[in-house]
$ cat run-v2.cif   # mmCIF, N, CA and C atoms
data_upload
loop_
_atom_site.group_PDB
_atom_site.id
_atom_site.type_symbol
_atom_site.label_atom_id
_atom_site.label_comp_id
_atom_site.auth_asym_id
_atom_site.auth_seq_id
_atom_site.Cartn_x
_atom_site.Cartn_y
_atom_site.Cartn_z
ATOM 1 N N MET C 361 -27.006 -25.146 -57.057
ATOM 2 C CA MET C 361 -27.952 -24.991 -55.975
ATOM 3 C C MET C 361 -29.313 -24.649 -56.568
ATOM 4 N N ARG C 362 -30.325 -25.219 -55.960
ATOM 5 C CA ARG C 362 -31.666 -24.871 -56.430
ATOM 6 C C ARG C 362 -32.500 -24.339 -55.280
ATOM 7 N N ASP C 363 -33.432 -23.464 -55.613
ATOM 8 C CA ASP C 363 -34.343 -22.903 -54.619
ATOM 9 C C ASP C 363 -35.547 -23.822 -54.461
ATOM 10 N N VAL C 364 -35.928 -24.057 -53.211
ATOM 11 C CA VAL C 364 -37.089 -24.883 -52.906
ATOM 12 C C VAL C 364 -38.058 -24.018 -52.108
ATOM 13 N N GLU C 365 -39.233 -23.777 -52.677
ATOM 14 C CA GLU C 365 -40.209 -22.894 -52.039
ATOM 15 C C GLU C 365 -40.948 -23.609 -50.915
ATOM 16 N N ILE C 366 -41.194 -22.846 -49.830
ATOM 17 C CA ILE C 366 -41.999 -23.344 -48.723
ATOM 18 C C ILE C 366 -43.217 -22.432 -48.590
ATOM 19 N N ASP C 367 -44.305 -22.975 -48.031
ATOM 20 C CA ASP C 367 -45.563 -22.240 -47.935
ATOM 21 C C ASP C 367 -45.668 -21.355 -46.707
ATOM 22 N N SER C 368 -44.800 -21.558 -45.721
ATOM 23 C CA SER C 368 -44.863 -20.763 -44.490
ATOM 24 C C SER C 368 -43.542 -20.021 -44.311
ATOM 25 N N ASP C 369 -43.380 -19.384 -43.164
ATOM 26 C CA ASP C 369 -42.150 -18.622 -42.937
ATOM 27 C C ASP C 369 -41.017 -19.470 -42.380
ATOM 28 N N MET C 370 -41.301 -20.772 -42.062
ATOM 29 C CA MET C 370 -40.256 -21.656 -41.560
ATOM 30 C C MET C 370 -40.605 -23.092 -41.838
ATOM 31 N N ILE C 371 -39.560 -23.941 -41.872
ATOM 32 C CA ILE C 371 -39.717 -25.382 -42.044
ATOM 33 C C ILE C 371 -38.616 -26.056 -41.240
ATOM 34 N N ARG C 372 -38.895 -27.212 -40.717
ATOM 35 C CA ARG C 372 -37.895 -27.950 -39.945
ATOM 36 C C ARG C 372 -36.917 -28.645 -40.901
ATOM 37 N N LEU C 373 -35.690 -28.811 -40.432
ATOM 38 C CA LEU C 373 -34.623 -29.365 -41.259
ATOM 39 C C LEU C 373 -34.986 -30.730 -41.836
ATOM 40 N N GLY C 374 -35.485 -31.641 -41.002
ATOM 41 C CA GLY C 374 -35.845 -32.969 -41.480
ATOM 42 C C GLY C 374 -36.891 -32.922 -42.581
ATOM 43 N N GLN C 375 -37.872 -32.050 -42.431
ATOM 44 C CA GLN C 375 -38.921 -31.896 -43.442
ATOM 45 C C GLN C 375 -38.355 -31.317 -44.726
ATOM 46 N N PHE C 376 -37.463 -30.341 -44.587
ATOM 47 C CA PHE C 376 -36.904 -29.698 -45.772
ATOM 48 C C PHE C 376 -36.062 -30.663 -46.595
ATOM 49 N N LEU C 377 -35.310 -31.523 -45.934
ATOM 50 C CA LEU C 377 -34.502 -32.491 -46.668
ATOM 51 C C LEU C 377 -35.365 -33.355 -47.581
ATOM 52 N N LYS C 378 -36.537 -33.762 -47.078
ATOM 53 C CA LYS C 378 -37.453 -34.557 -47.890
ATOM 54 C C LYS C 378 -38.087 -33.702 -48.982
ATOM 55 N N LEU C 379 -38.552 -32.513 -48.648
ATOM 56 C CA LEU C 379 -39.197 -31.637 -49.621
ATOM 57 C C LEU C 379 -38.268 -31.307 -50.780
ATOM 58 N N ALA C 380 -37.001 -31.089 -50.471
ATOM 59 C CA ALA C 380 -36.014 -30.717 -51.488
ATOM 60 C C ALA C 380 -35.461 -31.933 -52.237
ATOM 61 N N ASP C 381 -35.956 -33.121 -51.914
ATOM 62 C CA ASP C 381 -35.474 -34.365 -52.530
ATOM 63 C C ASP C 381 -33.983 -34.581 -52.318
ATOM 64 N N LEU C 382 -33.479 -34.125 -51.172
ATOM 65 C CA LEU C 382 -32.076 -34.366 -50.836
ATOM 66 C C LEU C 382 -31.901 -35.739 -50.208
ATOM 67 N N ILE C 383 -32.987 -36.274 -49.634
ATOM 68 C CA ILE C 383 -33.016 -37.628 -49.092
ATOM 69 C C ILE C 383 -34.386 -38.223 -49.437
ATOM 70 N N ASP C 384 -34.560 -39.517 -49.196
ATOM 71 C CA ASP C 384 -35.799 -40.189 -49.596
ATOM 72 C C ASP C 384 -36.843 -40.316 -48.500
ATOM 73 N N THR C 385 -36.406 -40.527 -47.255
ATOM 74 C CA THR C 385 -37.370 -40.780 -46.180
ATOM 75 C C THR C 385 -37.023 -39.998 -44.925
ATOM 76 N N GLY C 386 -38.005 -39.893 -44.034
ATOM 77 C CA GLY C 386 -37.768 -39.249 -42.750
ATOM 78 C C GLY C 386 -36.749 -40.010 -41.919
ATOM 79 N N GLY C 387 -36.772 -41.339 -42.026
ATOM 80 C CA GLY C 387 -35.794 -42.146 -41.308
ATOM 81 C C GLY C 387 -34.382 -41.876 -41.783
ATOM 82 N N GLU C 388 -34.241 -41.718 -43.083
ATOM 83 C CA GLU C 388 -32.925 -41.401 -43.637
ATOM 84 C C GLU C 388 -32.479 -40.017 -43.178
ATOM 85 N N ALA C 389 -33.415 -39.076 -43.101
ATOM 86 C CA ALA C 389 -33.098 -37.722 -42.631
ATOM 87 C C ALA C 389 -32.534 -37.790 -41.216
ATOM 88 N N LYS C 390 -33.190 -38.543 -40.357
ATOM 89 C CA LYS C 390 -32.747 -38.680 -38.971
ATOM 90 C C LYS C 390 -31.313 -39.203 -38.902
ATOM 91 N N ILE C 391 -31.011 -40.188 -39.727
ATOM 92 C CA ILE C 391 -29.679 -40.815 -39.717
ATOM 93 C C ILE C 391 -28.604 -39.849 -40.216
ATOM 94 N N VAL C 392 -28.840 -39.211 -41.375
ATOM 95 C CA VAL C 392 -27.793 -38.351 -41.942
ATOM 96 C C VAL C 392 -27.577 -37.094 -41.098
ATOM 97 N N ILE C 393 -28.646 -36.597 -40.480
ATOM 98 C CA ILE C 393 -28.490 -35.431 -39.603
ATOM 99 C C ILE C 393 -27.681 -35.812 -38.371
ATOM 100 N N ALA C 394 -28.037 -36.921 -37.728
ATOM 101 C CA ALA C 394 -27.327 -37.371 -36.524
ATOM 102 C C ALA C 394 -25.869 -37.693 -36.813
ATOM 103 N N ALA C 395 -25.580 -38.151 -38.024
ATOM 104 C CA ALA C 395 -24.207 -38.505 -38.399
ATOM 105 C C ALA C 395 -23.354 -37.272 -38.705
ATOM 106 N N GLY C 396 -23.979 -36.095 -38.757
ATOM 107 C CA GLY C 396 -23.227 -34.876 -39.041
ATOM 108 C C GLY C 396 -22.966 -34.666 -40.521
ATOM 109 N N ASP C 397 -23.779 -35.303 -41.370
ATOM 110 C CA ASP C 397 -23.596 -35.193 -42.820
ATOM 111 C C ASP C 397 -24.339 -34.015 -43.445
ATOM 112 N N VAL C 398 -25.056 -33.243 -42.631
ATOM 113 C CA VAL C 398 -25.865 -32.130 -43.141
ATOM 114 C C VAL C 398 -25.293 -30.808 -42.634
ATOM 115 N N THR C 399 -25.152 -29.850 -43.554
ATOM 116 C CA THR C 399 -24.749 -28.509 -43.133
ATOM 117 C C THR C 399 -25.872 -27.527 -43.435
ATOM 118 N N VAL C 400 -25.994 -26.540 -42.554
ATOM 119 C CA VAL C 400 -26.936 -25.440 -42.738
ATOM 120 C C VAL C 400 -26.111 -24.166 -42.732
ATOM 121 N N ASN C 401 -26.159 -23.451 -43.820
ATOM 122 C CA ASN C 401 -25.369 -22.220 -43.971
ATOM 123 C C ASN C 401 -23.887 -22.470 -43.697
ATOM 124 N N GLY C 402 -23.405 -23.634 -44.164
ATOM 125 C CA GLY C 402 -21.988 -23.957 -44.066
ATOM 126 C C GLY C 402 -21.531 -24.570 -42.765
ATOM 127 N N GLU C 403 -22.447 -24.765 -41.808
ATOM 128 C CA GLU C 403 -22.081 -25.346 -40.520
ATOM 129 C C GLU C 403 -22.859 -26.625 -40.274
ATOM 130 N N VAL C 404 -22.181 -27.658 -39.754
ATOM 131 C CA VAL C 404 -22.841 -28.919 -39.435
ATOM 132 C C VAL C 404 -23.913 -28.662 -38.384
ATOM 133 N N ASP C 405 -25.085 -29.246 -38.594
ATOM 134 C CA ASP C 405 -26.169 -29.132 -37.617
ATOM 135 C C ASP C 405 -26.766 -30.516 -37.410
ATOM 136 N N ILE C 406 -26.848 -30.950 -36.163
ATOM 137 C CA ILE C 406 -27.357 -32.288 -35.856
ATOM 138 C C ILE C 406 -28.756 -32.239 -35.245
ATOM 139 N N ARG C 407 -29.448 -31.116 -35.397
ATOM 140 C CA ARG C 407 -30.804 -30.976 -34.855
ATOM 141 C C ARG C 407 -31.825 -31.148 -35.979
ATOM 142 N N ARG C 408 -32.515 -32.268 -35.960
ATOM 143 C CA ARG C 408 -33.512 -32.543 -36.996
ATOM 144 C C ARG C 408 -34.628 -31.505 -36.978
ATOM 145 N N GLY C 409 -34.931 -30.954 -35.803
ATOM 146 C CA GLY C 409 -35.994 -29.967 -35.666
ATOM 147 C C GLY C 409 -35.547 -28.537 -35.883
ATOM 148 N N ARG C 410 -34.318 -28.333 -36.313
ATOM 149 C CA ARG C 410 -33.812 -26.977 -36.555
ATOM 150 C C ARG C 410 -34.771 -26.227 -37.473
ATOM 151 N N GLN C 411 -35.099 -25.010 -37.097
ATOM 152 C CA GLN C 411 -35.993 -24.197 -37.918
ATOM 153 C C GLN C 411 -35.197 -23.512 -39.024
ATOM 154 N N LEU C 412 -35.662 -23.696 -40.254
ATOM 155 C CA LEU C 412 -35.050 -23.048 -41.408
ATOM 156 C C LEU C 412 -35.972 -21.948 -41.902
ATOM 157 N N HIS C 413 -35.382 -20.892 -42.412
ATOM 158 C CA HIS C 413 -36.129 -19.747 -42.921
ATOM 159 C C HIS C 413 -35.637 -19.429 -44.332
ATOM 160 N N PRO C 414 -36.449 -18.704 -45.115
ATOM 161 C CA PRO C 414 -36.001 -18.344 -46.462
ATOM 162 C C PRO C 414 -34.590 -17.748 -46.450
ATOM 163 N N GLY C 415 -33.779 -18.233 -47.368
ATOM 164 C CA GLY C 415 -32.388 -17.798 -47.469
ATOM 165 C C GLY C 415 -31.405 -18.795 -46.900
ATOM 166 N N ASP C 416 -31.870 -19.691 -46.008
ATOM 167 C CA ASP C 416 -30.977 -20.707 -45.454
ATOM 168 C C ASP C 416 -30.581 -21.698 -46.547
ATOM 169 N N VAL C 417 -29.321 -22.140 -46.501
ATOM 170 C CA VAL C 417 -28.784 -23.072 -47.496
ATOM 171 C C VAL C 417 -28.433 -24.384 -46.799
ATOM 172 N N VAL C 418 -28.953 -25.487 -47.346
ATOM 173 C CA VAL C 418 -28.756 -26.818 -46.769
ATOM 174 C C VAL C 418 -27.976 -27.671 -47.766
ATOM 175 N N GLU C 419 -26.986 -28.394 -47.253
ATOM 176 C CA GLU C 419 -26.196 -29.282 -48.113
ATOM 177 C C GLU C 419 -26.074 -30.646 -47.457
ATOM 178 N N VAL C 420 -26.210 -31.686 -48.279
ATOM 179 C CA VAL C 420 -25.999 -33.054 -47.832
ATOM 180 C C VAL C 420 -25.432 -33.849 -49.001
ATOM 181 N N PHE C 421 -24.336 -34.546 -48.767
ATOM 182 C CA PHE C 421 -23.676 -35.379 -49.781
ATOM 183 C C PHE C 421 -23.404 -34.600 -51.070
ATOM 184 N N GLY C 422 -22.994 -33.356 -50.941
ATOM 185 C CA GLY C 422 -22.629 -32.539 -52.093
ATOM 186 C C GLY C 422 -23.810 -31.960 -52.865
ATOM 187 N N ARG C 423 -25.022 -32.201 -52.406
ATOM 188 C CA ARG C 423 -26.218 -31.644 -53.034
ATOM 189 C C ARG C 423 -26.720 -30.487 -52.176
ATOM 190 N N THR C 424 -27.061 -29.376 -52.830
ATOM 191 C CA THR C 424 -27.396 -28.161 -52.112
ATOM 192 C C THR C 424 -28.759 -27.620 -52.521
ATOM 193 N N ALA C 425 -29.498 -27.107 -51.539
ATOM 194 C CA ALA C 425 -30.790 -26.474 -51.800
ATOM 195 C C ALA C 425 -30.936 -25.271 -50.871
ATOM 196 N N ARG C 426 -31.602 -24.228 -51.366
ATOM 197 C CA ARG C 426 -31.841 -23.017 -50.570
ATOM 198 C C ARG C 426 -33.335 -22.892 -50.301
ATOM 199 N N VAL C 427 -33.668 -22.545 -49.061
ATOM 200 C CA VAL C 427 -35.061 -22.312 -48.677
ATOM 201 C C VAL C 427 -35.516 -21.009 -49.316
ATOM 202 N N ALA C 428 -36.659 -21.064 -49.999
ATOM 203 C CA ALA C 428 -37.220 -19.878 -50.650
ATOM 204 C C ALA C 428 -38.677 -19.723 -50.244
ATOM 205 N N SER C 429 -39.136 -18.492 -50.167
ATOM 206 C CA SER C 429 -40.553 -18.268 -49.843
ATOM 207 C C SER C 429 -41.380 -18.387 -51.116
ATOM 208 N N ALA C 430 -42.602 -18.875 -50.941
ATOM 209 C CA ALA C 430 -43.494 -19.100 -52.090
ATOM 210 C C ALA C 430 -44.015 -17.810 -52.664
#
$ encode --input "run-v2.cif" --output "structure tokens"
Amino acid sequence: MRDVEIDSDMIRLGQFLKLADLIDTGGEAKIVIAAGDVTVNGEVDIRRGRQLHPGDVVEVFGRTARVASA
């Protein structure tokens, strides 16, 4: 797992997937989230706009990243 720093106190799930290089495009983020392939803190989440905060852990296709504050 690697820490990915964000500049504010929250980031949306779709944005974080791109920032963390877990997916390549926003369109891909929409698809994998809707398909239930993304977990947040160990639970499937299908909300692309889900707010993530430092400490949250996101996993997709066996790749994991944790939200960290800058």
$ residues_near_point --input "run-v2.cif" --point "(-37.3, -29.9, -39.9)" --cutoff "8 Å" --atoms "only C-alpha atoms" --output "list in words"
Ile371, Arg372, Leu373, Gly374, Gln375, Phe376, Leu377, Arg408, Gly409, Arg410, Gln411 and Leu412 of chain C
$ atom_distance --input "run-v2.cif" --atom1 "atom C of Ala395 (chain C)" --atom2 "CA of Phe421 (chain C)"
11.2 Å
$ select_by_dssp --input "run-v2.cif" --residues "region 373-410 of chain C" --states "strand (DSSP E or B)" --output "PyMOL selection string"
chain C and resi 398-400+403-404
$ closest_residue --input "run-v2.cif" --among "C:Asp405, C:Asp367, C:Asp381, C:Asp416" --to "Ile393 (chain C)" --atoms "all atoms listed in the file"
C:Asp405
$ resolve_selection --input "run-v2.cif" --expression "the PyMOL selection byres (((chain C and resi 392 and name CA) around 10) and name CA)" --output "PyMOL selection string"
chain C and resi 374+383+387-391+393-398+406+408+420-421
$ atom_distance --input "run-v2.cif" --atom1 "CA of Asp384 (chain C)" --atom2 "CA of His413 (chain C)"
21.5 Å
$ closest_residue --input "run-v2.cif" --among "C:Ala430, C:Gly415, C:Lys378, C:Thr385" --to "Val400 (chain C)" --atoms "only C-alpha atoms"
C:Gly415
$ atom_distance --input "run-v2.cif" --atom1 "CA of Glu419 (chain C)" --atom2 "CA of Arg362 (chain C)"
10.9 Å
$ resolve_selection --input "run-v2.cif" --expression "the PyMOL selection byres ((chain C and resi 424) around 8)" --output "NGL selection string"
:C and (361-363 or 380 or 382 or 417-423 or 425-427)
$ write_last_selection --input "run-v2.cif" --atoms "N, CA and C atoms" --output "PDB file, keeping the file's coordinate frame"
ATOM      1  N   MET C 361     -27.006 -25.146 -57.057  1.00  0.00           N
ATOM      2  CA  MET C 361     -27.952 -24.991 -55.975  1.00  0.00           C
ATOM      3  C   MET C 361     -29.313 -24.649 -56.568  1.00  0.00           C
ATOM      4  N   ARG C 362     -30.325 -25.219 -55.960  1.00  0.00           N
ATOM      5  CA  ARG C 362     -31.666 -24.871 -56.430  1.00  0.00           C
ATOM      6  C   ARG C 362     -32.500 -24.339 -55.280  1.00  0.00           C
ATOM      7  N   ASP C 363     -33.432 -23.464 -55.613  1.00  0.00           N
ATOM      8  CA  ASP C 363     -34.343 -22.903 -54.619  1.00  0.00           C
ATOM      9  C   ASP C 363     -35.547 -23.822 -54.461  1.00  0.00           C
ATOM     10  N   ALA C 380     -37.001 -31.089 -50.471  1.00  0.00           N
ATOM     11  CA  ALA C 380     -36.014 -30.717 -51.488  1.00  0.00           C
ATOM     12  C   ALA C 380     -35.461 -31.933 -52.237  1.00  0.00           C
ATOM     13  N   LEU C 382     -33.479 -34.125 -51.172  1.00  0.00           N
ATOM     14  CA  LEU C 382     -32.076 -34.366 -50.836  1.00  0.00           C
ATOM     15  C   LEU C 382     -31.901 -35.739 -50.208  1.00  0.00           C
ATOM     16  N   VAL C 417     -29.321 -22.140 -46.501  1.00  0.00           N
ATOM     17  CA  VAL C 417     -28.784 -23.072 -47.496  1.00  0.00           C
ATOM     18  C   VAL C 417     -28.433 -24.384 -46.799  1.00  0.00           C
ATOM     19  N   VAL C 418     -28.953 -25.487 -47.346  1.00  0.00           N
ATOM     20  CA  VAL C 418     -28.756 -26.818 -46.769  1.00  0.00           C
ATOM     21  C   VAL C 418     -27.976 -27.671 -47.766  1.00  0.00           C
ATOM     22  N   GLU C 419     -26.986 -28.394 -47.253  1.00  0.00           N
ATOM     23  CA  GLU C 419     -26.196 -29.282 -48.113  1.00  0.00           C
ATOM     24  C   GLU C 419     -26.074 -30.646 -47.457  1.00  0.00           C
ATOM     25  N   VAL C 420     -26.210 -31.686 -48.279  1.00  0.00           N
ATOM     26  CA  VAL C 420     -25.999 -33.054 -47.832  1.00  0.00           C
ATOM     27  C   VAL C 420     -25.432 -33.849 -49.001  1.00  0.00           C
ATOM     28  N   PHE C 421     -24.336 -34.546 -48.767  1.00  0.00           N
ATOM     29  CA  PHE C 421     -23.676 -35.379 -49.781  1.00  0.00           C
ATOM     30  C   PHE C 421     -23.404 -34.600 -51.070  1.00  0.00           C
ATOM     31  N   GLY C 422     -22.994 -33.356 -50.941  1.00  0.00           N
ATOM     32  CA  GLY C 422     -22.629 -32.539 -52.093  1.00  0.00           C
ATOM     33  C   GLY C 422     -23.810 -31.960 -52.865  1.00  0.00           C
ATOM     34  N   ARG C 423     -25.022 -32.201 -52.406  1.00  0.00           N
ATOM     35  CA  ARG C 423     -26.218 -31.644 -53.034  1.00  0.00           C
ATOM     36  C   ARG C 423     -26.720 -30.487 -52.176  1.00  0.00           C
ATOM     37  N   ALA C 425     -29.498 -27.107 -51.539  1.00  0.00           N
ATOM     38  CA  ALA C 425     -30.790 -26.474 -51.800  1.00  0.00           C
ATOM     39  C   ALA C 425     -30.936 -25.271 -50.871  1.00  0.00           C
ATOM     40  N   ARG C 426     -31.602 -24.228 -51.366  1.00  0.00           N
ATOM     41  CA  ARG C 426     -31.841 -23.017 -50.570  1.00  0.00           C
ATOM     42  C   ARG C 426     -33.335 -22.892 -50.301  1.00  0.00           C
ATOM     43  N   VAL C 427     -33.668 -22.545 -49.061  1.00  0.00           N
ATOM     44  CA  VAL C 427     -35.061 -22.312 -48.677  1.00  0.00           C
ATOM     45  C   VAL C 427     -35.516 -21.009 -49.316  1.00  0.00           C
TER      46      VAL C 427
END
